[in-house]
Amino acid sequence: MPGLEDLYREIILDHYRNPRNRGELPSPPAVRTEGFNPLCGDEVVVYLKLADGVIADLKISGQGCSISQSSASMMSAAVKGKTTAEARATIRAFRSMMSLHEQQLDAPPAGASLEGNGADDVAAEGQPGDQGVPLGDLEALQGVVKFPVRIKCATLCWHTLAQALDEAEATAAGP
Amino acid sequence: MEVTPAALDVARIKKDFPILERQVYGKRLVYLDSAASSQKPLAVLEAMQRYYETTHANVHRGVYAIAEEATRLYEEARAKVARFIGAGSPEEVVFTRNATEATNLVAYSWARANLGPGDVVVATEIEHHANFVPWLQLRGEKGTELRVLRLADDGQLGLDDLAQVLAGAKLLAVTAASNVLGTLPPVRQLADAAHAAGALVLVDAAQWVPHMPTDVSSFGADFVAFTGHKMLGPTGIGALWARRELLESMPPFLTGGEMIRDVRLDGFSTNDVPWKFEAGTPPIAEAVGLAAAVDYLEALGMAAVRAHERSLTAYALGALKEHYGEDIVIYGPPDPALRAGIISFSYKDVHAHDISQVLDQAGVCVRAGHHCAKPLMRRLGVSATARASFSIYNDEADVDALVEAIAAADALFG
């Protein structure tokens with residue numbers, strides 16, 4: 001059975017205790033998007049400001065467990081200053097890391113190790129063009145997939161970011 | 001004078017529950033989530049196994065021996081449950097899937113036949129979604145009004161404006177025991193006030209029937225909903241008790257086989273109560289299991305069950321406060337005499353999910369989340385709480401394991 005050390009890596013606890021990019025942005029001009037996890041009541045609010053196809057600023061508010069909060073913090077650090085295309089590639093790579101492990105959980109016999117599945121293996125399973133997307137600190141969250149109930153905690157903010165990007169790009173495209 | 005019931009022999013009771021021999025992460029299983037679903041004694045498991053091995057056939061149909069036996073066991077289960085809750089007759093007990101289906105039966109059958117635009121339904125802020133969402137949905141469909149009795153700061157329902165809230169109401173929907181706070185609203189007082197205002201009363205007794213002596217007539221209610229899996233019985237069976245004349249006046253909820261008397265090409269007539277509300281093949285083995293659960297509880301004595309859980313709750317409230325003082329917030333009435341064996345808490349600003357995850361590693365099972373009571377969570381100003389809840393198989397060692405495991409959560413997150 002997986003232990004707590006698989007879940008609560010030091011870097012996760014650091015982001016939980018010292019969340020990056022926490023706060024709000026005036027909306028408009030920023031896009032404000034809410035995400036809810038109906039199972040546990042967690043909520044995340046993403047404020048996203050684009051300039052010339054680049055994430056010029058991004059803030060996170062809301063409340064939730066250490067996994068949802070640290071995932072949001074790491075996500076904000078990973079995509080801020082990136083182009084929307086790069087941000088979307090990161091979203092795909094992250095989701096892929098989560099779902100890849102989810103599938104693998106069903107495959108091997110109980111107790112089989114999931115170690116050794118680095119981001120490179122993971123990205124190869126993602127959408128074309130995601131190869132080599134560096135997940136950096138985010139790789140610390142791969143332990144979450146050993147605790148299937150918590151996967152939604154980790155992915156909530158990523159779904160919300162994807163939605164925010166859709167809305168921001170639709171707004172930017174304008175009528 | 002209150003007679004003191006004999007104390008439960010918890011060490012012996014634990015031996016009746018095979019799952020409690022299990023280990024997780026190399027630790028003894030400490031199950032503190034009976035408010036979500038209780039564990040099952042061997043007697044229940046064996047009764048169901050025996051039924052399938054020796055008796056199973058569909059009920060109310062065949063004329064052969066095992067079909068008659070199955071019908072008899074199913075109806076004996078109904079009679080047993082009826083006696084257990086003080087019902088006037090077995091025909092007042094409708095078997096459902098669970099308490100949620102029981103409240104929905106009232107909403108779909110009685111309420112849709114009797115309520116229309118502007119009619120008032122009163123619910124409370126502490127209801128489980130199962131006794132709240134049906135009334136929100138009815139409002140959307142029928143244009144009824146939904147009024148809400150609020151929670152006061154002492155963990156009890158605020159009753160200062162009771163008469164105003166109930167004025168002109170057609171239905172009061174109230175829990176007998178809050179699944180989050182353990183609060184035990186004064187159901188009799190509320191029912192009398194509701195009746196005086198001309199309203200019927202639906203009591204959600206899902207957290208009451210498994211833990212307290214139950215007498216539906218002393219509730220003064222018209223409908224009482226509860227479920228089997230929280231009272232040592234199997235999943236898939238619950239019940240709605242209602243006054244017979246009410247059941248007779250109500251249209252069927254689900255239709256099909258079993259609930260029918262006659263069907264022609266141009267119409268149908270329904271079976272007698274309670275079968276009118278039991279469309280399709282019912283949960284027969286589950287009824288047999290539920291009857292065994294009732295036998296088990298009755299052998300212990302419900303007064304003894306309540307006394308045990310009350311004393312354990314007092315011990316837990318004391319131990320948590322003694323160890324964690326201001327760092328722990330316990331919701332609901334502080335007096336253990338005024339609450340069921342349910343303790344929802346927050347620890348510092350550690351999220352309930354994280355507490356529950358750390359506790360799990362110590363073998364301690366508690367619920368984390370909104371407990372299907374989001375209006376109440378908003379009132380408490382939290383998105384989630386951790387919740388420990390007790391049953392007959394819990395003892396002080398289980399509470400000590402909980403207290404100790406919270407320290408591990410503190411070490412990680414505090």
# chains A, B, ... in the order shown; residues from 1 in each chain; ligands from 1

call {"tool": "residues_around", "arguments": {"residues": "Ala303 (chain B)", "least_positions_apart": "6", "cutoff": "8 Å", "atoms": "only C-alpha atoms", "output": "number ranges by chain"}}
result
B: 5, 212-213

call {"tool": "closest_atom_pairs", "arguments": {"of": "chain B", "to": "chain A", "cutoff": "12 Å", "atoms": "only C-alpha atoms", "output": "CSV"}}
result
residue,atom,partner,partner_atom,distance
B:Gln23,CA,A:Met1,CA,11.7
B:Val24,CA,A:Met1,CA,8.5
B:Tyr25,CA,A:Met1,CA,6.5
B:Gly26,CA,A:Met1,CA,9.6
B:Lys27,CA,A:Met1,CA,11.9
B:Asp349,CA,A:Cys65,CA,9.8
B:Val350,CA,A:Cys65,CA,7.6
B:His351,CA,A:Cys65,CA,4.9
B:Ala352,CA,A:Cys65,CA,7.3
B:His353,CA,A:Cys65,CA,6.1
B:Asp354,CA,A:Cys65,CA,6.3
B:Ile355,CA,A:Cys65,CA,9.4
B:Ser356,CA,A:Cys65,CA,10.8
B:Gln357,CA,A:Leu4,CA,8.1
B:Val358,CA,A:Leu4,CA,7.2
B:Leu359,CA,A:Leu4,CA,10.3
B:Asp360,CA,A:Leu4,CA,9.6
B:Gln361,CA,A:Leu4,CA,7.4
B:Ala362,CA,A:Leu4,CA,10.6
B:Arg367,CA,A:Cys40,CA,10.5
B:Ala368,CA,A:Cys40,CA,7.5
B:Gly369,CA,A:Cys40,CA,4.7
B:His370,CA,A:Cys40,CA,6.0
B:His371,CA,A:Cys40,CA,8.6
B:Cys372,CA,A:Leu39,CA,8.9
B:Ala373,CA,A:Gly41,CA,10.5
B:Lys374,CA,A:Gly41,CA,8.2
B:Pro375,CA,A:Gly41,CA,11.5
B:Met377,CA,A:Gly41,CA,9.2
B:Arg378,CA,A:Gly41,CA,10.3
B:Gly381,CA,A:Gln63,CA,11.7
B:Val382,CA,A:Gly41,CA,9.1
B:Ser383,CA,A:Gly41,CA,5.3
B:Ala384,CA,A:Gly41,CA,6.4
B:Thr385,CA,A:Cys40,CA,9.5
B:Ala386,CA,A:Cys40,CA,10.9
B:Ala408,CA,A:Leu4,CA,10.9
B:Ala409,CA,A:Leu4,CA,10.6
B:Ala411,CA,A:Leu13,CA,11.9
B:Leu412,CA,A:Leu13,CA,8.5
B:Phe413,CA,A:Leu13,CA,7.9
B:Gly414,CA,A:Arg17,CA,10.1

call {"tool": "residues_around", "arguments": {"residues": "region 159-163 of chain A", "least_positions_apart": "2", "cutoff": "12 Å", "atoms": "only C-alpha atoms", "output": "PyMOL selection string"}}
result
chain A and resi 31-37+43-49+55+58-62+68+71-72+75-76+78-80+84-92+94-95+152-157+165-170

call {"tool": "atom_distance", "arguments": {"atom1": "CA of Thr144 (chain B)", "atom2": "CA of Leu246 (chain B)"}}
result
20.5 Å

call {"tool": "select_by_dssp", "arguments": {"residues": "region 272-388 of chain B", "states": "alpha helix (DSSP H)", "output": "ChimeraX atom specification"}}
result
/B:284-300,302-324,352-361,374-380

call {"tool": "atom_distance", "arguments": {"atom1": "CA of Pro251 (chain B)", "atom2": "CA of Val165 (chain B)"}}
result
28.4 Å

call {"tool": "atom_distance", "arguments": {"atom1": "CA of Leu172 (chain B)", "atom2": "CA of Glu145 (chain B)"}}
result
12.0 Å

call {"tool": "select_by_dssp", "arguments": {"residues": "region 85-265 of chain B", "states": "strand (DSSP E or B)", "output": "MDAnalysis selection string"}}
result
chainID B and resid 93:96 120:124 145:149 151 157 169:175 183 200:204 223:227 238:242 260:264

call {"tool": "decode", "arguments": {"residues": "region 340-353 of chain B", "atoms": "all heavy atoms", "output": "mmCIF file, in the first residue's frame"}}
result
data_model
loop_
_atom_site.group_PDB
_atom_site.id
_atom_site.type_symbol
_atom_site.label_atom_id
_atom_site.label_comp_id
_atom_site.auth_asym_id
_atom_site.auth_seq_id
_atom_site.Cartn_x
_atom_site.Cartn_y
_atom_site.Cartn_z
ATOM 1 N N ALA B 340 -26.324 13.183 18.767
ATOM 2 C CA ALA B 340 -26.069 11.797 18.393
ATOM 3 C C ALA B 340 -24.553 11.564 18.392
ATOM 4 O O ALA B 340 -23.772 12.499 18.576
ATOM 5 C CB ALA B 340 -26.662 11.520 17.017
ATOM 6 N N GLY B 341 -24.132 10.331 18.164
ATOM 7 C CA GLY B 341 -22.711 9.978 18.212
ATOM 8 C C GLY B 341 -21.969 10.367 16.952
ATOM 9 O O GLY B 341 -21.387 9.525 16.263
ATOM 10 N N ILE B 342 -22.028 11.664 16.652
ATOM 11 C CA ILE B 342 -21.438 12.202 15.433
ATOM 12 C C ILE B 342 -20.635 13.439 15.805
ATOM 13 O O ILE B 342 -21.161 14.336 16.468
ATOM 14 C CB ILE B 342 -22.553 12.591 14.425
ATOM 15 C CG1 ILE B 342 -23.251 11.333 13.897
ATOM 16 C CG2 ILE B 342 -21.993 13.440 13.287
ATOM 17 C CD1 ILE B 342 -24.470 11.619 13.049
ATOM 18 N N ILE B 343 -19.355 13.460 15.425
ATOM 19 C CA ILE B 343 -18.513 14.612 15.774
ATOM 20 C C ILE B 343 -17.826 15.132 14.519
ATOM 21 O O ILE B 343 -16.896 14.517 13.987
ATOM 22 C CB ILE B 343 -17.460 14.220 16.838
ATOM 23 C CG1 ILE B 343 -18.166 13.783 18.129
ATOM 24 C CG2 ILE B 343 -16.528 15.398 17.111
ATOM 25 C CD1 ILE B 343 -17.213 13.353 19.239
ATOM 26 N N SER B 344 -18.301 16.277 14.041
ATOM 27 C CA SER B 344 -17.648 16.946 12.916
ATOM 28 C C SER B 344 -16.687 17.977 13.466
ATOM 29 O O SER B 344 -17.025 18.699 14.408
ATOM 30 C CB SER B 344 -18.687 17.666 12.044
ATOM 31 O OG SER B 344 -19.398 16.741 11.280
ATOM 32 N N PHE B 345 -15.499 18.027 12.870
ATOM 33 C CA PHE B 345 -14.522 18.955 13.423
ATOM 34 C C PHE B 345 -13.601 19.522 12.350
ATOM 35 O O PHE B 345 -13.476 18.971 11.251
ATOM 36 C CB PHE B 345 -13.688 18.281 14.519
ATOM 37 C CG PHE B 345 -12.858 17.107 14.031
ATOM 38 C CD1 PHE B 345 -11.526 17.278 13.642
ATOM 39 C CD2 PHE B 345 -13.402 15.834 13.967
ATOM 40 C CE1 PHE B 345 -10.758 16.206 13.201
ATOM 41 C CE2 PHE B 345 -12.647 14.746 13.518
ATOM 42 C CZ PHE B 345 -11.320 14.928 13.137
ATOM 43 N N SER B 346 -12.997 20.659 12.694
ATOM 44 C CA SER B 346 -11.898 21.216 11.904
ATOM 45 C C SER B 346 -10.690 21.283 12.807
ATOM 46 O O SER B 346 -10.824 21.547 14.014
ATOM 47 C CB SER B 346 -12.230 22.634 11.422
ATOM 48 O OG SER B 346 -13.360 22.610 10.580
ATOM 49 N N TYR B 347 -9.513 21.054 12.237
ATOM 50 C CA TYR B 347 -8.286 21.140 13.016
ATOM 51 C C TYR B 347 -7.374 22.189 12.402
ATOM 52 O O TYR B 347 -6.974 22.062 11.238
ATOM 53 C CB TYR B 347 -7.569 19.787 13.062
ATOM 54 C CG TYR B 347 -6.328 19.838 13.903
ATOM 55 C CD1 TYR B 347 -6.425 19.817 15.288
ATOM 56 C CD2 TYR B 347 -5.079 19.975 13.318
ATOM 57 C CE1 TYR B 347 -5.291 19.906 16.072
ATOM 58 C CE2 TYR B 347 -3.937 20.060 14.096
ATOM 59 C CZ TYR B 347 -4.049 20.030 15.477
ATOM 60 O OH TYR B 347 -2.930 20.131 16.242
ATOM 61 N N LYS B 348 -7.072 23.234 13.192
ATOM 62 C CA LYS B 348 -6.303 24.383 12.675
ATOM 63 C C LYS B 348 -6.864 24.740 11.304
ATOM 64 O O LYS B 348 -8.069 24.772 11.125
ATOM 65 C CB LYS B 348 -4.806 24.077 12.648
ATOM 66 C CG LYS B 348 -4.226 23.889 14.061
ATOM 67 C CD LYS B 348 -2.716 23.750 14.026
ATOM 68 C CE LYS B 348 -2.144 23.614 15.443
ATOM 69 N NZ LYS B 348 -0.712 23.314 15.429
ATOM 70 N N ASP B 349 -5.993 25.000 10.325
ATOM 71 C CA ASP B 349 -6.571 25.232 9.001
ATOM 72 C C ASP B 349 -6.226 24.069 8.055
ATOM 73 O O ASP B 349 -6.157 24.234 6.849
ATOM 74 C CB ASP B 349 -6.127 26.586 8.429
ATOM 75 C CG ASP B 349 -4.616 26.684 8.335
ATOM 76 O OD1 ASP B 349 -3.938 25.727 8.790
ATOM 77 O OD2 ASP B 349 -4.111 27.692 7.820
ATOM 78 N N VAL B 350 -6.028 22.901 8.647
ATOM 79 C CA VAL B 350 -5.733 21.716 7.829
ATOM 80 C C VAL B 350 -7.031 21.247 7.172
ATOM 81 O O VAL B 350 -8.062 21.105 7.842
ATOM 82 C CB VAL B 350 -5.159 20.576 8.697
ATOM 83 C CG1 VAL B 350 -4.753 19.407 7.806
ATOM 84 C CG2 VAL B 350 -3.984 21.068 9.517
ATOM 85 N N HIS B 351 -6.971 21.030 5.872
ATOM 86 C CA HIS B 351 -8.177 20.620 5.164
ATOM 87 C C HIS B 351 -8.620 19.214 5.582
ATOM 88 O O HIS B 351 -7.787 18.358 5.857
ATOM 89 C CB HIS B 351 -7.909 20.649 3.659
ATOM 90 C CG HIS B 351 -9.151 20.555 2.827
ATOM 91 N ND1 HIS B 351 -9.751 19.359 2.535
ATOM 92 C CD2 HIS B 351 -9.907 21.520 2.245
ATOM 93 C CE1 HIS B 351 -10.823 19.581 1.794
ATOM 94 N NE2 HIS B 351 -10.944 20.885 1.606
ATOM 95 N N ALA B 352 -9.942 19.038 5.612
ATOM 96 C CA ALA B 352 -10.506 17.757 6.058
ATOM 97 C C ALA B 352 -9.975 16.570 5.253
ATOM 98 O O ALA B 352 -9.752 15.488 5.802
ATOM 99 C CB ALA B 352 -12.028 17.810 5.972
ATOM 100 N N HIS B 353 -9.740 16.784 3.958
ATOM 101 C CA HIS B 353 -9.188 15.705 3.128
ATOM 102 C C HIS B 353 -7.826 15.268 3.620
ATOM 103 O O HIS B 353 -7.492 14.087 3.627
ATOM 104 C CB HIS B 353 -9.011 16.187 1.687
ATOM 105 C CG HIS B 353 -10.220 15.938 0.864
ATOM 106 N ND1 HIS B 353 -10.266 16.226 -0.468
ATOM 107 C CD2 HIS B 353 -11.418 15.431 1.196
ATOM 108 C CE1 HIS B 353 -11.459 15.910 -0.924
ATOM 109 N NE2 HIS B 353 -12.176 15.440 0.059
#
